[in-house]
$ cat structure-v6.csv   # CSV, C-alpha atoms
chain,number,residue,atom,x,y,z
O,1,MET,CA,96.5,-98.3,-59.9
O,2,ARG,CA,98.5,-95.5,-58.3
O,3,ALA,CA,101.2,-97.0,-56.1
O,4,PHE,CA,102.9,-93.7,-55.0
O,5,GLY,CA,102.5,-90.1,-55.9
O,6,LYS,CA,103.9,-90.3,-59.4
O,7,THR,CA,104.2,-94.1,-59.8
O,8,PHE,CA,101.5,-96.3,-61.3
O,9,VAL,CA,101.3,-100.1,-61.6
O,10,ALA,CA,99.1,-102.0,-64.1
O,11,ALA,CA,98.5,-105.6,-64.7
O,12,THR,CA,96.5,-106.9,-67.7
O,13,VAL,CA,95.4,-110.2,-69.2
O,14,ARG,CA,94.3,-110.2,-72.9
O,15,ARG,CA,93.0,-113.0,-75.1
O,16,SER,CA,92.6,-112.2,-78.8
O,17,THR,CA,92.0,-114.2,-81.9
O,18,VAL,CA,93.8,-113.5,-85.2
O,19,THR,CA,91.9,-114.9,-88.1
O,20,PHE,CA,92.3,-114.7,-91.9
O,21,ASP,CA,89.6,-115.1,-94.5
O,22,GLN,CA,89.3,-118.6,-95.8
O,23,ASN,CA,90.1,-117.3,-99.3
O,24,ALA,CA,93.1,-115.3,-98.3
O,25,THR,CA,96.3,-116.7,-99.9
O,26,PHE,CA,99.8,-115.5,-100.5
O,27,MET,CA,102.0,-117.3,-103.1
O,28,GLY,CA,99.6,-120.2,-103.1
O,29,THR,CA,99.6,-120.6,-99.3
O,30,SER,CA,96.4,-120.3,-97.3
O,31,LEU,CA,96.9,-117.5,-94.7
O,32,GLN,CA,93.9,-118.8,-92.7
O,33,HIS,CA,95.6,-122.2,-92.3
O,34,GLU,CA,99.1,-120.9,-91.6
O,35,LEU,CA,98.5,-117.7,-89.5
O,36,SER,CA,95.2,-117.9,-87.6
O,37,ARG,CA,95.8,-118.2,-83.9
O,38,VAL,CA,94.7,-117.4,-80.4
O,39,VAL,CA,97.0,-115.1,-78.5
O,40,THR,CA,96.9,-114.9,-74.7
O,41,THR,CA,99.0,-112.3,-73.0
O,42,ALA,CA,99.6,-111.4,-69.3
O,43,ASP,CA,101.7,-108.4,-68.4
O,44,ALA,CA,102.7,-106.2,-65.6
O,45,THR,CA,103.9,-102.6,-66.0
O,46,VAL,CA,105.3,-99.9,-63.8
O,47,ARG,CA,105.1,-96.3,-65.0
O,48,HIS,CA,106.8,-93.4,-63.2
O,49,GLN,CA,106.0,-89.8,-64.1
O,50,ILE,CA,109.3,-87.9,-64.1
O,51,THR,CA,107.8,-84.6,-65.2
O,52,PRO,CA,104.2,-83.8,-66.3
O,53,VAL,CA,105.2,-84.6,-69.9
O,54,THR,CA,107.7,-87.4,-69.4
O,55,ASP,CA,107.2,-91.0,-68.2
O,56,LEU,CA,109.5,-93.9,-67.6
O,57,THR,CA,108.1,-97.5,-68.0
O,58,PHE,CA,109.2,-101.0,-67.2
O,59,GLY,CA,107.2,-104.0,-68.1
O,60,VAL,CA,107.3,-107.8,-68.1
O,61,SER,CA,104.9,-110.0,-70.2
O,62,ARG,CA,104.2,-113.5,-71.1
O,63,GLU,CA,102.6,-114.4,-74.5
O,64,ASP,CA,101.2,-117.7,-75.5
O,65,ASP,CA,100.4,-118.1,-79.3
O,66,ARG,CA,98.3,-121.2,-80.2
O,67,PHE,CA,97.7,-121.7,-83.9
O,68,LEU,CA,94.2,-122.9,-84.9
O,69,TYR,CA,95.2,-125.3,-87.7
O,70,ASP,CA,98.8,-126.3,-87.1
O,71,SER,CA,99.7,-126.6,-83.4
O,72,ALA,CA,103.3,-127.2,-84.4
O,73,ARG,CA,103.6,-123.5,-85.1
O,74,SER,CA,102.6,-122.5,-81.6
O,75,SER,CA,105.0,-120.6,-79.3
O,76,VAL,CA,105.6,-119.0,-75.9
O,77,SER,CA,107.4,-115.7,-75.4
O,78,THR,CA,108.6,-113.8,-72.4
O,79,ARG,CA,109.4,-110.1,-72.7
O,80,VAL,CA,111.2,-107.6,-70.5
O,81,ALA,CA,111.3,-104.0,-71.6
O,82,GLY,CA,112.0,-100.5,-70.4
O,83,GLY,CA,111.0,-97.3,-72.1
O,84,VAL,CA,110.3,-93.6,-72.1
O,85,LYS,CA,107.3,-91.5,-73.3
O,86,PHE,CA,107.5,-87.8,-74.2
O,87,ASP,CA,104.6,-85.4,-74.8
O,88,THR,CA,106.1,-82.0,-75.7
O,89,ARG,CA,107.7,-80.8,-78.9
O,90,LEU,CA,109.5,-84.1,-78.6
O,91,ARG,CA,106.6,-86.5,-78.7
O,92,GLY,CA,106.3,-90.3,-78.8
O,93,GLU,CA,107.5,-93.5,-77.2
O,94,ALA,CA,110.7,-95.6,-77.3
O,95,SER,CA,111.4,-98.9,-75.6
O,96,LEU,CA,114.3,-101.3,-75.5
O,97,GLY,CA,114.0,-104.9,-74.2
O,98,TYR,CA,114.8,-108.6,-74.3
O,99,ARG,CA,112.6,-111.3,-75.8
O,100,ALA,CA,112.8,-115.1,-75.3
O,101,PHE,CA,110.7,-116.5,-78.1
O,102,GLU,CA,110.3,-120.3,-77.8
O,103,PRO,CA,108.6,-122.2,-80.6
O,104,LEU,CA,107.0,-125.4,-79.3
O,105,ARG,CA,108.4,-127.4,-82.2
O,106,ALA,CA,111.8,-128.7,-81.2
O,107,ASN,CA,113.4,-128.4,-84.7
O,108,VAL,CA,112.6,-124.6,-84.9
O,109,PRO,CA,115.3,-122.4,-83.4
O,110,ALA,CA,114.4,-120.1,-80.6
O,111,TYR,CA,115.1,-116.4,-80.6
O,112,ARG,CA,116.6,-114.8,-77.5
O,113,GLY,CA,117.7,-111.3,-77.9
O,114,LEU,CA,117.2,-107.5,-78.2
O,115,THR,CA,113.9,-106.0,-79.1
O,116,ALA,CA,113.2,-102.3,-79.8
O,117,ASN,CA,110.2,-100.2,-80.7
O,118,ALA,CA,110.3,-96.4,-81.1
O,119,ASP,CA,108.1,-93.8,-82.7
O,120,VAL,CA,109.4,-90.4,-81.8
O,121,SER,CA,109.0,-87.0,-83.5
O,122,PHE,CA,110.2,-83.5,-82.9
O,123,ALA,CA,108.3,-80.4,-83.9
O,124,THR,CA,110.2,-77.2,-84.8
O,125,VAL,CA,109.0,-73.7,-83.9
O,126,GLY,CA,107.5,-73.5,-87.4
O,127,SER,CA,105.3,-76.2,-89.0
O,128,THR,CA,108.0,-78.8,-89.6
O,129,ARG,CA,108.1,-82.2,-87.8
O,130,PHE,CA,111.0,-84.7,-87.9
O,131,GLY,CA,110.2,-88.3,-87.1
O,132,VAL,CA,112.0,-91.6,-86.5
O,133,ARG,CA,110.5,-95.1,-86.2
O,134,VAL,CA,112.6,-98.1,-85.2
O,135,ILE,CA,111.5,-101.7,-84.8
O,136,ARG,CA,113.2,-104.9,-83.9
O,137,ASP,CA,111.0,-107.9,-83.0
O,138,VAL,CA,109.9,-111.3,-84.0
O,139,ASP,CA,106.8,-111.9,-86.2
O,140,TYR,CA,105.2,-114.9,-87.9
O,141,SER,CA,105.8,-115.9,-91.5
O,142,TYR,CA,103.3,-117.5,-93.8
O,143,ASP,CA,105.9,-120.2,-94.8
O,144,ILE,CA,105.9,-123.3,-92.6
O,145,GLN,CA,109.5,-124.0,-93.6
O,146,GLN,CA,110.5,-120.6,-92.1
O,147,PRO,CA,107.8,-120.1,-89.5
O,148,TYR,CA,109.0,-116.7,-88.2
O,149,TYR,CA,111.4,-113.8,-88.9
O,150,LEU,CA,113.3,-111.2,-87.0
O,151,GLN,CA,112.3,-107.8,-88.4
O,152,THR,CA,114.8,-105.0,-87.9
O,153,GLY,CA,114.3,-101.6,-89.5
O,154,ALA,CA,114.1,-97.8,-89.3
O,155,THR,CA,112.2,-95.1,-91.0
O,156,ALA,CA,112.9,-91.3,-91.0
O,157,SER,CA,110.4,-88.7,-92.0
O,158,VAL,CA,110.0,-85.0,-92.5
O,159,THR,CA,106.5,-83.4,-92.5
O,160,GLN,CA,106.0,-79.8,-93.5
O,161,GLY,CA,102.8,-77.8,-93.1
O,162,LEU,CA,102.0,-76.4,-96.6
O,163,PHE,CA,98.8,-74.4,-96.1
O,164,GLY,CA,95.6,-74.9,-94.1
O,165,PRO,CA,95.2,-78.6,-93.3
O,166,LEU,CA,97.5,-79.7,-96.1
O,167,ASN,CA,100.9,-81.2,-95.2
O,168,GLY,CA,103.7,-82.7,-97.3
O,169,SER,CA,105.8,-85.6,-96.1
O,170,VAL,CA,109.0,-87.3,-97.2
O,171,ARG,CA,109.9,-90.8,-95.8
O,172,VAL,CA,112.8,-93.1,-96.2
O,173,GLY,CA,113.2,-96.4,-94.5
O,174,LEU,CA,114.9,-99.7,-94.5
O,175,GLN,CA,113.6,-103.0,-93.2
O,176,GLN,CA,115.4,-106.4,-92.9
O,177,LEU,CA,113.5,-109.6,-92.4
O,178,ALA,CA,115.8,-112.4,-91.1
O,179,TYR,CA,113.8,-115.6,-91.6
O,180,ARG,CA,114.3,-118.5,-89.2
O,181,GLY,CA,113.6,-122.1,-89.9

$ encode --input "structure-v6.csv" --output "structure tokens"
Amino acid sequence: MRAFGKTFVAATVRRSTVTFDQNATFMGTSLQHELSRVVTTADATVRHQITPVTDLTFGVSREDDRFLYDSARSSVSTRVAGGVKFDTRLRGEASLGYRAFEPLRANVPAYRGLTANADVSFATVGSTRFGVRVIRDVDYSYDIQQPYYLQTGATASVTQGLFGPLNGSVRVGLQQLAYRG
């Protein structure tokens, strides 16, 4: 909904189900049993168009994860994040925020801290594009002893147009998974 000339407000509620095949296993663990869940999310976002190709965003969301086979893995999260979106030779989105991740099981430590998500690229005058991706957020683990991890990582890439529709790319990245349990 347009709130002012260049300011938009949105509110959404989503409910999705994450399911794994009954035969899906990893290191002897049933992924269906450990990771299948229903995710309910409600969020509110304000977007302000600074220029025709640049937006600023601010959002708040609440996420409720209910696991289908092991309710002790369930959690509730609150997120607050601000970001920017570009659509010129500098293209992509970047956001920085705070997440309060609260597992419902008392003996699993909560996570409260910084989150980040960026996927930004820059195209030169020629046919070369430089890109950077950054992530810092919580995700679920298959291991019940360490039910989630904090993923922190970055990837840099260079893509060069070779001829016609053919491109060549080089990527290098580093990811760290800090398991919590």

$ closest_residue --input "structure-v6.csv" --among "O:Gln49, O:Ser95, O:Asn107, O:Thr54" --to "Gly5 in chain O" --atoms "all atoms listed in the file"
O:Gln49

$ closest_atom_pairs --input "structure-v6.csv" --of "range 58-154 of chain O" --to "range 27-43 of chain O" --cutoff "10 Å" --atoms "only C-alpha atoms" --output "tab-separated table"
residue	atom	partner	partner_atom	distance
O:Gly59	CA	O:Asp43	CA	7.0
O:Val60	CA	O:Asp43	CA	5.6
O:Ser61	CA	O:Asp43	CA	4.0
O:Arg62	CA	O:Ala42	CA	5.4
O:Glu63	CA	O:Thr41	CA	4.4
O:Asp64	CA	O:Thr40	CA	5.2
O:Asp65	CA	O:Val39	CA	4.6
O:Arg66	CA	O:Val38	CA	5.2
O:Phe67	CA	O:Arg37	CA	4.0
O:Leu68	CA	O:Arg37	CA	5.1
O:Tyr69	CA	O:His33	CA	5.6
O:Asp70	CA	O:Glu34	CA	7.0
O:Ser71	CA	O:Arg37	CA	9.3
O:Arg73	CA	O:Glu34	CA	8.3
O:Ser74	CA	O:Arg37	CA	8.4
O:Ser75	CA	O:Val39	CA	9.7
O:Val76	CA	O:Thr40	CA	9.7
O:Ser77	CA	O:Thr41	CA	9.4
O:Thr78	CA	O:Asp43	CA	9.6
O:Arg79	CA	O:Asp43	CA	9.0
O:Val80	CA	O:Asp43	CA	9.8
O:Tyr140	CA	O:Leu35	CA	7.4
O:Ser141	CA	O:Leu35	CA	7.8
O:Tyr142	CA	O:Glu34	CA	5.8
O:Asp143	CA	O:Glu34	CA	7.5
O:Ile144	CA	O:Glu34	CA	7.3
O:Pro147	CA	O:Glu34	CA	9.0

$ write_last_selection --input "structure-v6.csv" --atoms "C-alpha atoms" --output "compact mmCIF listing (two decimals), in the frame of the given file"
# COMPACT_ATOMS: atom_id res chain seq x y z
CA GLY O 59 107.20 -104.00 -68.10
CA VAL O 60 107.30 -107.80 -68.10
CA SER O 61 104.90 -110.00 -70.20
CA ARG O 62 104.20 -113.50 -71.10
CA GLU O 63 102.60 -114.40 -74.50
CA ASP O 64 101.20 -117.70 -75.50
CA ASP O 65 100.40 -118.10 -79.30
CA ARG O 66 98.30 -121.20 -80.20
CA PHE O 67 97.70 -121.70 -83.90
CA LEU O 68 94.20 -122.90 -84.90
CA TYR O 69 95.20 -125.30 -87.70
CA ASP O 70 98.80 -126.30 -87.10
CA SER O 71 99.70 -126.60 -83.40
CA ARG O 73 103.60 -123.50 -85.10
CA SER O 74 102.60 -122.50 -81.60
CA SER O 75 105.00 -120.60 -79.30
CA VAL O 76 105.60 -119.00 -75.90
CA SER O 77 107.40 -115.70 -75.40
CA THR O 78 108.60 -113.80 -72.40
CA ARG O 79 109.40 -110.10 -72.70
CA VAL O 80 111.20 -107.60 -70.50
CA TYR O 140 105.20 -114.90 -87.90
CA SER O 141 105.80 -115.90 -91.50
CA TYR O 142 103.30 -117.50 -93.80
CA ASP O 143 105.90 -120.20 -94.80
CA ILE O 144 105.90 -123.30 -92.60
CA PRO O 147 107.80 -120.10 -89.50

$ atom_distance --input "structure-v6.csv" --atom1 "CA of Gln176 in chain O" --atom2 "CA of Ile135 in chain O"
10.1 Å

$ residues_near_point --input "structure-v6.csv" --point "(113.2, -112.0, -76.1)" --cutoff "6 Å" --atoms "only C-alpha atoms" --output "PyMOL selection string"
chain O and resi 79+98-101+112-113

$ atom_distance --input "structure-v6.csv" --atom1 "CA of Asp137 in chain O" --atom2 "CA of Ala81 in chain O"
12.1 Å

$ atom_distance --input "structure-v6.csv" --atom1 "CA of Asn167 in chain O" --atom2 "CA of Ala154 in chain O"
22.0 Å

$ residues_around --input "structure-v6.csv" --residues "Val125 in chain O" --least-positions-apart "5" --cutoff "12 Å" --atoms "all atoms listed in the file" --output "VMD selection string"
chain O and resid 89 to 90 130 160 to 161

$ residues_near_point --input "structure-v6.csv" --point "(104.3, -83.0, -71.2)" --cutoff "8 Å" --atoms "all atoms listed in the file" --output "ChimeraX atom specification"
/O:51-54,86-88

$ closest_residue --input "structure-v6.csv" --among "O:Gly173, O:Gly97, O:Ala110, O:Leu166" --to "Gly131 in chain O" --atoms "all atoms listed in the file"
O:Gly173

$ residues_around --input "structure-v6.csv" --residues "Val84 in chain O" --least-positions-apart "2" --cutoff "7 Å" --atoms "all atoms listed in the file" --output "PyMOL selection string"
chain O and resi 55-57+86+93-95

$ closest_residue --input "structure-v6.csv" --among "O:Thr152, O:Thr128, O:Thr17, O:Thr12" --to "Val170 in chain O" --atoms "only C-alpha atoms"
O:Thr128

$ residues_around --input "structure-v6.csv" --residues "Ala72 in chain O" --least-positions-apart "6" --cutoff "9 Å" --atoms "all atoms listed in the file" --output "list in words"
Arg66, Pro103, Leu104 and Arg105 of chain O

$ decode --input "structure-v6.csv" --residues "range 19-109 of chain O" --atoms "C-alpha atoms" --output "mmCIF file, in the first residue's frame"
data_model
loop_
_atom_site.group_PDB
_atom_site.id
_atom_site.type_symbol
_atom_site.label_atom_id
_atom_site.label_comp_id
_atom_site.auth_asym_id
_atom_site.auth_seq_id
_atom_site.Cartn_x
_atom_site.Cartn_y
_atom_site.Cartn_z
ATOM 1 C CA THR O 19 8.803 -31.543 4.620
ATOM 2 C CA PHE O 20 11.437 -34.105 3.787
ATOM 3 C CA ASP O 21 10.923 -37.430 2.058
ATOM 4 C CA GLN O 22 10.512 -40.335 4.470
ATOM 5 C CA ASN O 23 13.634 -41.976 3.003
ATOM 6 C CA ALA O 24 15.849 -38.877 3.224
ATOM 7 C CA THR O 25 18.699 -39.464 5.664
ATOM 8 C CA PHE O 26 21.994 -37.824 6.508
ATOM 9 C CA MET O 27 24.621 -39.667 8.524
ATOM 10 C CA GLY O 28 21.970 -42.155 9.647
ATOM 11 C CA THR O 29 19.515 -39.466 10.789
ATOM 12 C CA SER O 30 16.013 -39.194 9.310
ATOM 13 C CA LEU O 31 15.690 -35.677 7.890
ATOM 14 C CA GLN O 32 11.917 -36.063 7.803
ATOM 15 C CA HIS O 33 11.816 -36.717 11.539
ATOM 16 C CA GLU O 34 14.349 -34.030 12.509
ATOM 17 C CA LEU O 35 13.596 -31.107 10.157
ATOM 18 C CA SER O 36 9.967 -31.278 8.912
ATOM 19 C CA ARG O 37 8.063 -28.313 10.302
ATOM 20 C CA VAL O 38 5.325 -25.729 9.841
ATOM 21 C CA VAL O 39 6.542 -22.127 9.675
ATOM 22 C CA THR O 40 4.169 -19.229 10.371
ATOM 23 C CA THR O 41 5.528 -15.739 9.741
ATOM 24 C CA ALA O 42 3.985 -12.296 10.159
ATOM 25 C CA ASP O 43 5.877 -9.222 9.066
ATOM 26 C CA ALA O 44 5.529 -5.512 8.430
ATOM 27 C CA THR O 45 7.779 -3.617 6.036
ATOM 28 C CA VAL O 46 8.229 0.043 5.137
ATOM 29 C CA ARG O 47 9.964 0.835 1.842
ATOM 30 C CA HIS O 48 11.000 4.339 0.812
ATOM 31 C CA GLN O 49 12.096 5.072 -2.742
ATOM 32 C CA ILE O 50 15.068 7.449 -2.509
ATOM 33 C CA THR O 51 15.629 7.534 -6.272
ATOM 34 C CA PRO O 52 13.922 5.658 -9.130
ATOM 35 C CA VAL O 53 16.564 2.917 -8.724
ATOM 36 C CA THR O 54 17.303 2.970 -4.964
ATOM 37 C CA ASP O 55 15.036 1.901 -2.086
ATOM 38 C CA LEU O 56 15.514 1.879 1.682
ATOM 39 C CA THR O 57 13.610 -0.738 3.691
ATOM 40 C CA PHE O 58 12.834 -1.395 7.329
ATOM 41 C CA GLY O 59 11.034 -4.468 8.545
ATOM 42 C CA VAL O 60 9.903 -6.319 11.648
ATOM 43 C CA SER O 61 8.850 -9.970 11.649
ATOM 44 C CA ARG O 62 7.800 -12.738 13.992
ATOM 45 C CA GLU O 63 8.404 -16.365 13.027
ATOM 46 C CA ASP O 64 6.965 -19.442 14.707
ATOM 47 C CA ASP O 65 8.548 -22.814 13.783
ATOM 48 C CA ARG O 66 6.647 -25.917 14.915
ATOM 49 C CA PHE O 67 8.339 -29.227 14.223
ATOM 50 C CA LEU O 68 6.036 -32.042 13.138
ATOM 51 C CA TYR O 69 7.747 -34.987 14.868
ATOM 52 C CA ASP O 70 9.657 -33.444 17.771
ATOM 53 C CA SER O 71 7.979 -30.441 19.396
ATOM 54 C CA ALA O 72 11.038 -29.903 21.604
ATOM 55 C CA ARG O 73 12.849 -28.505 18.511
ATOM 56 C CA SER O 74 10.258 -25.748 18.014
ATOM 57 C CA SER O 75 11.215 -22.076 18.299
ATOM 58 C CA VAL O 76 10.032 -18.495 18.028
ATOM 59 C CA SER O 77 12.017 -15.670 16.406
ATOM 60 C CA THR O 78 11.691 -11.912 16.244
ATOM 61 C CA ARG O 79 13.624 -10.003 13.599
ATOM 62 C CA VAL O 80 14.276 -6.320 12.993
ATOM 63 C CA ALA O 81 16.210 -5.332 9.882
ATOM 64 C CA GLY O 82 17.005 -2.376 7.679
ATOM 65 C CA GLY O 83 18.321 -2.517 4.165
ATOM 66 C CA VAL O 84 18.909 -0.994 0.782
ATOM 67 C CA LYS O 85 18.099 -2.141 -2.762
ATOM 68 C CA PHE O 86 19.905 -0.937 -5.899
ATOM 69 C CA ASP O 87 18.966 -1.408 -9.547
ATOM 70 C CA THR O 88 21.624 0.260 -11.696
ATOM 71 C CA ARG O 89 25.106 -0.913 -12.610
ATOM 72 C CA LEU O 90 25.263 -1.491 -8.849
ATOM 73 C CA ARG O 91 22.514 -4.088 -8.424
ATOM 74 C CA GLY O 92 21.170 -6.138 -5.561
ATOM 75 C CA GLU O 93 20.040 -5.956 -1.961
ATOM 76 C CA ALA O 94 21.747 -5.715 1.417
ATOM 77 C CA SER O 95 20.249 -5.791 4.901
ATOM 78 C CA LEU O 96 21.542 -5.690 8.452
ATOM 79 C CA GLY O 97 19.471 -6.611 11.454
ATOM 80 C CA TYR O 98 18.956 -8.184 14.833
ATOM 81 C CA ARG O 99 17.360 -11.566 15.572
ATOM 82 C CA ALA O 100 16.091 -12.948 18.849
ATOM 83 C CA PHE O 101 15.868 -16.721 18.286
ATOM 84 C CA GLU O 102 14.201 -18.503 21.202
ATOM 85 C CA PRO O 103 14.095 -22.316 21.206
ATOM 86 C CA LEU O 104 11.158 -23.613 23.261
ATOM 87 C CA ARG O 105 13.330 -26.223 24.967
ATOM 88 C CA ALA O 106 14.819 -24.605 28.075
ATOM 89 C CA ASN O 107 18.194 -26.384 27.847
ATOM 90 C CA VAL O 108 18.929 -25.083 24.302
ATOM 91 C CA PRO O 109 20.633 -21.669 24.347
#
